[in-house]
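Source file: final-v4.txt. Holds: compact mmCIF, C-alpha atoms.
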# COMPACT_ATOMS: atom_id res chain seq x y z
CA MET D 492 37.47 -0.81 14.63
CA ARG D 493 35.09 -3.75 14.50
CA ARG D 494 32.27 -1.41 13.61
CA ARG D 495 34.26 0.09 10.75
CA LEU D 496 35.03 -3.37 9.41
CA LEU D 497 31.34 -4.24 9.59
CA LEU D 498 30.45 -1.06 7.72
CA PHE D 499 33.02 -1.80 5.05
CA LEU D 500 31.85 -5.39 4.62
CA THR D 501 28.21 -4.35 4.35
CA LEU D 502 29.07 -1.64 1.85
CA ALA D 503 31.04 -4.12 -0.25
CA ALA D 504 28.25 -6.69 -0.12
CA CYS D 505 25.60 -4.15 -1.14
CA ALA D 506 27.78 -2.79 -3.95
CA GLY D 507 28.31 -6.33 -5.19
CA PHE D 508 24.60 -7.01 -5.03
CA THR D 509 23.83 -3.83 -6.97
CA VAL D 510 26.37 -4.61 -9.69
CA ALA D 511 25.08 -8.19 -10.02
CA LEU D 512 21.48 -6.99 -10.22
CA ALA D 513 22.39 -4.32 -12.78
CA ALA D 514 24.16 -6.98 -14.88
CA ALA D 515 21.06 -9.16 -14.69
CA VAL D 516 18.82 -6.26 -15.74
CA LEU D 517 21.11 -5.39 -18.66
CA HIS D 518 21.20 -9.01 -19.70
CA ALA D 519 17.41 -9.25 -19.58
CA ALA D 520 17.10 -5.99 -21.51
CA GLY D 521 19.49 -7.21 -24.20
CA ALA D 522 17.89 -10.61 -24.71
CA ALA D 523 15.36 -10.16 -27.50
CA LEU D 524 12.56 -12.34 -26.27
CA PRO D 525 9.46 -11.14 -28.09
CA SER D 526 6.41 -11.05 -25.90
CA ALA D 527 3.02 -10.55 -27.49
CA LEU D 528 1.35 -9.68 -24.20
CA PRO D 529 0.37 -6.06 -25.05
CA GLU D 530 -0.96 -7.18 -28.44
CA GLN D 531 -2.97 -10.01 -26.89
CA LEU D 532 -4.35 -7.58 -24.35
CA ALA D 533 -5.32 -5.04 -26.99
CA ALA D 534 -7.01 -7.76 -29.03
CA SER D 535 -9.19 -8.99 -26.18
CA LEU D 536 -9.85 -5.60 -24.59
CA GLY D 537 -13.26 -5.40 -26.24
CA SER D 538 -14.59 -8.37 -24.27
CA SER D 539 -13.36 -7.13 -20.88
CA GLY D 540 -16.18 -4.69 -20.13
CA VAL D 541 -13.89 -1.66 -19.60
CA GLU D 542 -11.82 0.46 -21.97
CA HIS D 543 -8.67 1.12 -19.97
CA PRO D 544 -6.13 -1.72 -20.28
CA VAL D 545 -4.79 -1.47 -16.70
CA THR D 546 -8.30 -1.67 -15.25
CA ALA D 547 -9.08 -4.55 -17.59
CA VAL D 548 -6.02 -6.46 -16.35
CA LEU D 549 -6.75 -5.66 -12.69
CA LEU D 550 -10.43 -6.51 -12.64
CA ASN D 551 -10.91 -8.98 -15.45
CA PHE D 552 -7.90 -10.80 -16.87
CA ARG D 553 -5.89 -11.00 -13.64
CA ASN D 554 -8.65 -10.44 -11.10
CA TYR D 555 -7.31 -13.33 -9.06
CA ASP D 556 -4.44 -11.03 -8.01
CA THR D 557 -6.88 -8.32 -7.03
CA LEU D 558 -9.01 -10.74 -5.00
CA LEU D 559 -5.94 -11.97 -3.11
CA GLU D 560 -4.77 -8.40 -2.66
CA ILE D 561 -7.97 -7.25 -1.00
CA GLY D 562 -7.75 -10.41 1.12
CA VAL D 563 -4.27 -9.39 2.28
CA LEU D 564 -5.58 -5.90 3.04
CA VAL D 565 -8.46 -7.25 5.12
CA ILE D 566 -6.05 -9.43 7.14
CA ALA D 567 -3.68 -6.48 7.68
CA GLY D 568 -6.58 -4.31 8.80
CA MET D 569 -7.83 -6.94 11.25
CA VAL D 570 -4.38 -7.45 12.78
CA GLY D 571 -3.89 -3.71 13.08
CA ILE D 572 -7.24 -3.19 14.80
CA SER D 573 -6.73 -6.10 17.16
CA LEU D 574 -3.51 -4.47 18.35
CA ALA D 575 -5.09 -1.10 18.91
CA SER D 576 -6.86 0.82 21.58
CA THR D 577 -9.40 2.68 19.49
CA SER D 578 -11.17 4.09 22.52
CA SER D 579 -8.55 6.84 22.51
CA LEU D 580 -10.23 8.25 19.44
CA GLU D 581 -12.37 10.18 21.89
CA ASP D 582 -9.32 11.69 23.55
CA PRO D 583 -10.00 15.44 23.75
CA ALA D 584 -6.25 16.07 23.54
CA LEU D 585 -6.41 14.84 19.95
CA ARG D 586 -8.95 17.44 18.95
CA SER D 587 -7.15 20.25 17.23
CA SER D 588 -8.34 23.78 17.92
CA ASP D 589 -6.37 25.13 14.97
CA SER D 590 -8.76 27.39 13.10
CA LEU D 591 -6.66 27.15 9.93
CA LEU D 592 -7.04 23.37 9.89
CA TYR D 593 -10.79 23.70 10.40
CA ALA D 594 -11.09 26.16 7.53
CA LEU D 595 -8.95 23.96 5.29
CA GLN D 596 -11.02 20.93 6.21
CA ARG D 597 -14.24 22.62 5.26
CA TRP D 598 -12.82 23.14 1.78
CA PHE D 599 -10.82 19.97 1.38
CA VAL D 600 -13.10 17.20 2.62
CA PRO D 601 -15.90 17.71 0.05
CA LEU D 602 -13.36 18.29 -2.72
CA MET D 603 -11.45 15.13 -1.86
CA LEU D 604 -14.63 13.07 -1.71
CA LEU D 605 -15.54 14.41 -5.14
CA LEU D 606 -12.05 13.58 -6.41
CA ALA D 607 -12.36 10.02 -5.08
CA LEU D 608 -15.67 9.63 -6.88
CA TYR D 609 -14.16 10.98 -10.10
CA LEU D 610 -11.15 8.64 -9.88
CA LEU D 611 -13.47 5.70 -9.33
CA TRP D 612 -15.56 6.59 -12.36
CA ALA D 613 -12.58 7.46 -14.55
CA GLY D 614 -11.09 3.99 -14.07
CA ALA D 615 -13.27 2.62 -16.86
CA ASP D 616 -11.55 4.45 -19.70
CA ARG D 617 -8.48 6.31 -18.35
CA PRO D 618 -6.00 6.07 -15.46
CA GLY D 619 -7.91 5.77 -12.20
CA GLY D 620 -9.84 3.09 -10.42
CA ALA D 621 -10.64 1.55 -7.07
CA PHE D 622 -7.16 1.75 -5.54
CA GLN D 623 -6.51 5.38 -6.32
CA ALA D 624 -10.01 6.33 -5.20
CA GLY D 625 -9.61 4.27 -2.02
CA ALA D 626 -6.30 5.98 -1.25
CA VAL D 627 -7.91 9.42 -1.65
CA LEU D 628 -10.82 8.29 0.53
CA ALA D 629 -8.39 7.13 3.23
CA ALA D 630 -6.49 10.42 3.02
CA THR D 631 -9.77 12.28 3.55
CA GLY D 632 -10.38 10.16 6.63
CA VAL D 633 -6.87 10.87 7.93
CA LEU D 634 -7.45 14.60 7.48
CA MET D 635 -10.76 14.38 9.34
CA ARG D 636 -9.13 12.36 12.08
CA LEU D 637 -6.28 14.85 12.49
CA GLY D 638 -8.79 17.66 12.66
CA GLY D 639 -10.67 15.78 15.36
CA LEU D 640 -13.94 15.34 13.50
CA PRO D 641 -15.90 12.55 15.16
CA MET D 642 -16.06 9.42 13.01
CA GLU D 643 -18.51 6.83 14.27
CA PHE D 644 -17.58 4.21 11.72
CA VAL D 645 -13.96 3.61 12.76
CA ARG D 646 -14.91 2.62 16.29
CA PRO D 647 -15.25 -1.12 16.89
CA GLY D 648 -18.74 -2.12 15.88
CA VAL D 649 -20.92 -3.37 13.10
CA LEU D 650 -20.12 -0.53 10.69
CA LEU D 651 -16.36 -1.04 10.95
CA ARG D 652 -16.59 -4.79 10.43
CA LEU D 653 -18.97 -4.37 7.53
CA GLY D 654 -16.76 -1.76 5.90
CA LEU D 655 -13.65 -3.88 6.27
CA VAL D 656 -15.01 -7.05 4.68
CA LEU D 657 -17.49 -5.54 2.21
CA GLY D 658 -15.08 -5.40 -0.74
CA PHE D 659 -13.64 -8.86 -0.21
CA ALA D 660 -17.07 -10.40 0.45
CA VAL D 661 -18.73 -8.95 -2.66
CA PHE D 662 -15.76 -9.85 -4.84
CA LEU D 663 -15.76 -13.42 -3.53
CA LEU D 664 -19.53 -13.65 -3.94
CA VAL D 665 -19.26 -12.64 -7.60
CA ALA D 666 -16.44 -15.13 -8.13
CA VAL D 667 -18.30 -18.04 -6.53
CA ALA D 668 -21.59 -17.12 -8.21
CA GLY D 669 -19.81 -17.25 -11.56
CA ALA D 670 -18.42 -20.67 -10.72
CA LEU D 671 -21.84 -21.96 -9.63
CA ALA D 672 -23.43 -20.66 -12.81
CA GLY D 673 -21.14 -22.87 -14.85
CA GLU D 674 -18.35 -20.43 -15.75
CA ALA D 675 -14.82 -20.66 -14.42
CA PHE D 676 -14.08 -19.34 -10.93
CA LEU D 677 -13.78 -15.52 -11.19
CA ALA D 678 -15.05 -15.43 -14.77
CA TYR D 679 -17.85 -12.93 -15.31
CA PRO D 680 -20.96 -14.05 -17.20
CA PRO D 681 -20.86 -12.74 -20.78
CA GLY D 682 -22.47 -9.35 -21.20
CA MET D 683 -22.45 -8.54 -17.49
CA ALA D 684 -18.74 -7.82 -17.10
CA GLY D 685 -19.04 -4.03 -17.19
CA GLY D 686 -21.72 -3.77 -14.51
CA LEU D 687 -20.07 -6.34 -12.26
CA ILE D 688 -16.69 -4.61 -12.53
CA LEU D 689 -18.27 -1.28 -11.58
CA THR D 690 -20.02 -2.85 -8.57
CA ILE D 691 -16.81 -4.53 -7.43
CA GLU D 692 -14.85 -1.32 -7.89
CA ILE D 693 -17.31 0.66 -5.76
CA VAL D 694 -17.20 -1.78 -2.84
CA LEU D 695 -13.43 -2.16 -3.22
CA THR D 696 -13.01 1.61 -2.96
CA LEU D 697 -15.04 1.73 0.24
CA SER D 698 -13.16 -1.20 1.77
CA ILE D 699 -9.68 0.00 0.80
CA GLY D 700 -10.37 3.47 2.20
CA MET D 701 -11.77 1.94 5.38
CA ILE D 702 -8.85 -0.47 5.87
CA LEU D 703 -6.15 2.15 5.34
CA LEU D 704 -7.96 4.58 7.63
CA ALA D 705 -8.46 1.88 10.27
CA LEU D 706 -4.75 1.08 10.16
CA PHE D 707 -3.92 4.76 10.61
CA VAL D 708 -6.33 5.14 13.51
CA ALA D 709 -5.18 1.84 15.01
CA ALA D 710 -1.60 2.97 15.64
CA PRO D 711 -1.88 3.05 19.43
CA VAL D 712 -1.92 6.57 20.82
CA SER D 713 0.23 7.23 23.85
CA ASP D 714 -1.55 8.20 27.04
CA GLU D 715 -0.27 8.92 30.54
CA HIS D 716 0.26 5.27 31.45
CA GLU D 717 2.61 4.62 28.57
CA PRO D 718 6.00 6.21 27.84
CA GLU D 719 5.89 9.37 25.76
CA GLU D 720 7.15 9.15 22.20
CA GLY D 721 10.88 9.83 22.00
CA ALA D 722 11.35 9.76 25.79
CA GLY D 723 12.39 6.15 26.28
CA PRO D 724 13.85 4.87 29.56
CA MET S 738 20.33 3.19 -23.67
CA SER S 739 16.67 4.07 -23.58
CA PRO S 740 15.13 6.13 -20.75
CA ASP S 741 13.13 3.06 -19.69
CA LEU S 742 16.32 1.10 -19.12
CA LEU S 743 17.60 4.05 -17.11
CA TYR S 744 14.53 3.74 -14.87
CA ALA S 745 15.25 0.06 -14.36
CA LEU S 746 18.87 0.80 -13.46
CA ALA S 747 17.76 3.53 -11.06
CA GLY S 748 15.55 0.88 -9.46
CA VAL S 749 18.60 -1.37 -9.13
CA VAL S 750 20.50 1.42 -7.35
CA LEU S 751 17.50 1.99 -5.04
CA CYS S 752 17.53 -1.72 -4.21
CA GLY S 753 21.21 -1.52 -3.29
CA ILE S 754 20.75 1.59 -1.10
CA GLY S 755 17.73 0.02 0.57
CA LEU S 756 19.59 -3.21 1.27
CA PHE S 757 22.48 -1.26 2.78
CA GLY S 758 20.12 0.65 5.06
CA PHE S 759 18.18 -2.47 5.97
CA LEU S 760 21.35 -4.30 7.02
CA LEU S 761 23.04 -1.47 8.87
CA LEU S 762 20.38 0.71 10.49
CA GLU S 763 19.11 -0.32 13.90
CA HIS S 764 16.12 1.94 14.44
CA LEU S 765 13.04 -0.04 13.38
CA LEU S 766 11.38 2.86 11.56
CA ARG S 767 14.51 3.49 9.49
CA ARG S 768 14.67 -0.19 8.73
CA LEU S 769 11.06 -0.06 7.55
CA LEU S 770 11.88 2.91 5.31
CA ALA S 771 14.87 1.06 3.88
CA PHE S 772 12.68 -1.95 3.20
CA ASN S 773 10.19 0.27 1.38
CA LEU S 774 13.07 1.67 -0.67
CA ILE S 775 13.90 -1.86 -1.81
CA GLY S 776 10.25 -2.36 -2.73
CA SER S 777 10.17 0.86 -4.78
CA GLY S 778 13.34 -0.26 -6.54
CA VAL S 779 11.73 -3.57 -7.47
CA PHE S 780 8.68 -1.75 -8.85
CA LEU S 781 10.92 0.51 -10.95
CA VAL S 782 12.82 -2.49 -12.32
CA LEU S 783 9.58 -4.26 -13.23
CA ILE S 784 8.07 -1.28 -15.04
CA GLY S 785 11.27 -0.04 -16.65
CA LEU S 786 12.36 -3.42 -17.97
CA ALA S 787 8.93 -4.23 -19.41
CA GLN S 788 8.64 -0.83 -21.07
CA HIS S 789 12.11 -1.11 -22.53
CA ARG S 790 11.08 -4.29 -24.33
CA ASN S 791 7.46 -3.82 -25.28
CA GLY S 792 6.59 -0.17 -24.87
CA PRO S 793 3.97 0.71 -22.25
CA ASP S 794 2.77 -2.66 -20.97
CA PRO S 795 -0.44 -2.72 -18.90
CA VAL S 796 0.23 -6.13 -17.33
CA PRO S 797 3.29 -5.18 -15.23
CA GLN S 798 1.65 -1.83 -14.52
CA ALA S 799 -1.36 -3.58 -12.99
CA LEU S 800 0.99 -5.92 -11.11
CA VAL S 801 2.91 -2.98 -9.65
CA LEU S 802 -0.31 -1.16 -8.76
CA THR S 803 -1.38 -4.23 -6.78
CA GLY S 804 2.07 -4.34 -5.22
CA ILE S 805 1.93 -0.69 -4.18
CA VAL S 806 -1.38 -1.13 -2.37
CA VAL S 807 -0.13 -4.25 -0.56
CA ALA S 808 3.09 -2.41 0.32
CA ILE S 809 1.11 0.48 1.83
CA ALA S 810 -0.97 -1.87 3.94
CA ALA S 811 2.10 -3.82 5.05
CA THR S 812 3.91 -0.60 5.94
CA ALA S 813 0.96 0.65 7.98
CA LEU S 814 0.75 -2.70 9.77
CA ALA S 815 4.50 -2.59 10.45
CA VAL S 816 4.16 0.92 11.93
CA VAL S 817 1.35 -0.31 14.20
CA LEU S 818 3.52 -3.25 15.31
CA ILE S 819 6.57 -1.02 15.86
CA ARG S 820 4.59 1.42 17.99
CA ARG S 821 3.12 -1.45 20.01
CA TYR S 822 6.61 -2.89 20.49
CA TYR S 823 7.90 0.49 21.60
CA HIS S 824 5.09 0.94 24.10
CA LEU S 825 5.64 -2.52 25.54
CA THR S 826 9.45 -2.50 25.75
CA GLY S 827 10.62 1.10 25.38
CA HIS S 828 13.12 0.08 22.72
CA THR S 829 13.27 1.29 19.14
CA SER S 830 15.52 -1.50 17.88
CA LEU S 831 15.53 -5.25 18.07
CA ALA S 832 19.04 -5.43 19.61
CA ASP S 833 19.12 -6.86 23.13
CA ASP S 834 20.13 -4.79 26.15
CA GLY S 835 23.83 -5.61 26.22
CA GLU S 836 24.34 -4.68 22.60
CA ALA S 837 22.15 -1.62 22.73
CA GLN S 838 24.27 -0.01 25.43
CA SER S 839 27.68 -0.72 23.93
How does this structure look as structure tokens?
Amino acid sequence: MRRRLLLFLTLAACAGFTVALAAAVLHAAGAALPSALPEQLAASLGSSGVEHPVTAVLLNFRNYDTLLEIGVLVIAGMVGISLASTSSLEDPALRSSDSLLYALQRWFVPLMLLLALYLLWAGADRPGGAFQAGAVLAATGVLMRLGGLPMEFVRPGVLLRLGLVLGFAVFLLVAVAGALAGEAFLAYPPGMAGGLILTIEIVLTLSIGMILLALFVAAPVSDEHEPEEGAGP
Amino acid sequence: MSPDLLYALAGVVLCGIGLFGFLLLEHLLRRLLAFNLIGSGVFLVLIGLAQHRNGPDPVPQALVLTGIVVAIAATALAVVLIRRYYHLTGHTSLADDGEAQS
């Protein structure tokens, strides 16, 4: 009886919340508050160094967000790794002997790497960019991990640390170098924006792929000493 | 009503469903999924509302793209934490023993 009352109350509260939020959205949609943001963006797109507006916002006009974002990712990756027991990567029980998966891998891994490269390059003038390419890169790593391919670089060591912080470090270096050269913090020197954005995107792609893959690998794998999944006490 | 406003309203409904699940479900993984549902709803509201006013607007799109990547990382971190918690305690919910058995 108490449980039913709780259910009813929660349902009522959530319905009320939804209606209030919908009213707020309708109100905001009705209020004609002209914003010239897209026009401003289109007007200054020529000076951004890239041709696609979303990439220009991400890596030039609002690159502060992107810097903080990769910082959050690095912290998440570090916390995940520090909770993990990555030695179990060598667990032979994790190696799949499924021949179908092996055959698929042989086709998919090169194709996905190529796709990641294309997405990275396409970000300059059409939808694409570091985040999409990093996600594809991480997915490739997950596929390789599930198939049991050995991956030296996700074991604790210099390569893993370097891969995790590379994107954030290079981005921060560019930002501080700009500030030291007399520009604002995070402002690119005139004429160099395109090349700098491409460099940052490449290292961001590597780091994002590495962090997401490290978080996937870091989820602690159950061994004999720990309770089996789904078989709690 | 434009299709973009419809997207925003769908996002509102997603927020409501996610909140309901977040409040009522006890299993931590389901709670995480409900929380992600709220996040997706917020993204839909942001994009739909901005498009309804200005047409395709790159600024909220970039904002949401940043949000999606952070949400993925946070979700992965939450899964790592949940698995660690499960291995340490054997529980899949945060309720204490007396409540979990009743």
Report task. Between atom CA of Val708 of chain D and atom CA of Leu802 of chain S, measure the distance and give it in Å to one decimal. Result ->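 Computing it gives 23.9 Å between the two atoms.
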For Ser777 of chain S, list every protein, DNA or RNA residue within 10 Å, evaluated using only C-alpha atoms, and leave out those in the same chain fewer than 2 positions away; present the list as a JSON list (two decimals) with C-alpha atoms, in the frame of the given file.
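Result written to part04.json:
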[["chain", "number", "residue", "atom", "x", "y", "z"],
["S", 748, "GLY", "CA", 15.55, 0.88, -9.46],
["S", 749, "VAL", "CA", 18.60, -1.37, -9.13],
["S", 751, "LEU", "CA", 17.50, 1.99, -5.04],
["S", 752, "CYS", "CA", 17.53, -1.72, -4.21],
["S", 755, "GLY", "CA", 17.73, 0.02, 0.57],
["S", 771, "ALA", "CA", 14.87, 1.06, 3.88],
["S", 772, "PHE", "CA", 12.68, -1.95, 3.20],
["S", 773, "ASN", "CA", 10.19, 0.27, 1.38],
["S", 774, "LEU", "CA", 13.07, 1.67, -0.67],
["S", 775, "ILE", "CA", 13.90, -1.86, -1.81],
["S", 779, "VAL", "CA", 11.73, -3.57, -7.47],
["S", 780, "PHE", "CA", 8.68, -1.75, -8.85],
["S", 781, "LEU", "CA", 10.92, 0.51, -10.95],
["S", 782, "VAL", "CA", 12.82, -2.49, -12.32],
["S", 783, "LEU", "CA", 9.58, -4.26, -13.23],
["S", 801, "VAL", "CA", 2.91, -2.98, -9.65],
["S", 804, "GLY", "CA", 2.07, -4.34, -5.22],
["S", 805, "ILE", "CA", 1.93, -0.69, -4.18],
["S", 808, "ALA", "CA", 3.09, -2.41, 0.32]]
Requested in this report: Go through S:Leu769, S:Leu786, S:Ala810, S:Leu761 one by one, measure the shortest atom-to-atom distance of each to Val516 of chain D using only C-alpha atoms, and give the residue with the smallest value.
Outcome: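 Closest residue, counting only C-alpha atoms: S:Leu786.
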Please determine the residues with any atom at most 10 Å from (-4.4, 13.7, 12.0) (coordinates as given in the file, with all atoms listed in the file counting) and report them as a compact mmCIF listing (two decimals) with C-alpha atoms, in the frame of the given file.
# COMPACT_ATOMS: atom_id res chain seq x y z
CA LEU D 585 -6.41 14.84 19.95
CA ARG D 586 -8.95 17.44 18.95
CA SER D 587 -7.15 20.25 17.23
CA ALA D 630 -6.49 10.42 3.02
CA GLY D 632 -10.38 10.16 6.63
CA VAL D 633 -6.87 10.87 7.93
CA LEU D 634 -7.45 14.60 7.48
CA MET D 635 -10.76 14.38 9.34
CA ARG D 636 -9.13 12.36 12.08
CA LEU D 637 -6.28 14.85 12.49
CA GLY D 638 -8.79 17.66 12.66
CA GLY D 639 -10.67 15.78 15.36
CA LEU D 640 -13.94 15.34 13.50
CA PHE D 707 -3.92 4.76 10.61
CA VAL D 708 -6.33 5.14 13.51
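Residue nearest Met683 of chain D within the list D:Ser539, D:Ser590, D:Thr509, D:Thr501: D:Ser539 [criterion: smallest interatomic distance, only C-alpha atoms].
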Report task. Select residues of chain S: the criterion is any atom within 7 Å of an atom of chain D, counting all atoms listed in the file; output as a list in words. Result ->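 Using all atoms listed in the file, chain S residues at most 7 Å from chain D: Leu746, Val749, Val750, Gly753, Leu756, Phe757, Leu786, Arg790, Asp794, Pro795, Val796, Gln798, Ala799, Thr803, Val807, Ala810, Ala811, Ala813, Leu814, Val817, Arg820, Arg821, His824 and Gly827 of chain S.
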Report task. State, in Å with one decimal place, the distance from atom CA of Tyr593 of chain D to atom CA of Leu605 of chain D. Result ->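 Interatomic distance, atom CA of Tyr593 of chain D to atom CA of Leu605 of chain D: 18.7 Å.
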Requested in this report: Grab the atom CA of Asp616 of chain D to atom CA of Thr696 of chain D distance for me, in Å with one decimal place.
Outcome: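 Those two atoms sit 17.0 Å apart.
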**Report entry** Surrounding residues of Val600 of chain D excluding itself and chain neighbours under 3 positions, 8 Å, only C-alpha atoms, as number ranges by chain
**Finding:** D: 596-597, 603-604, 631, 634-635
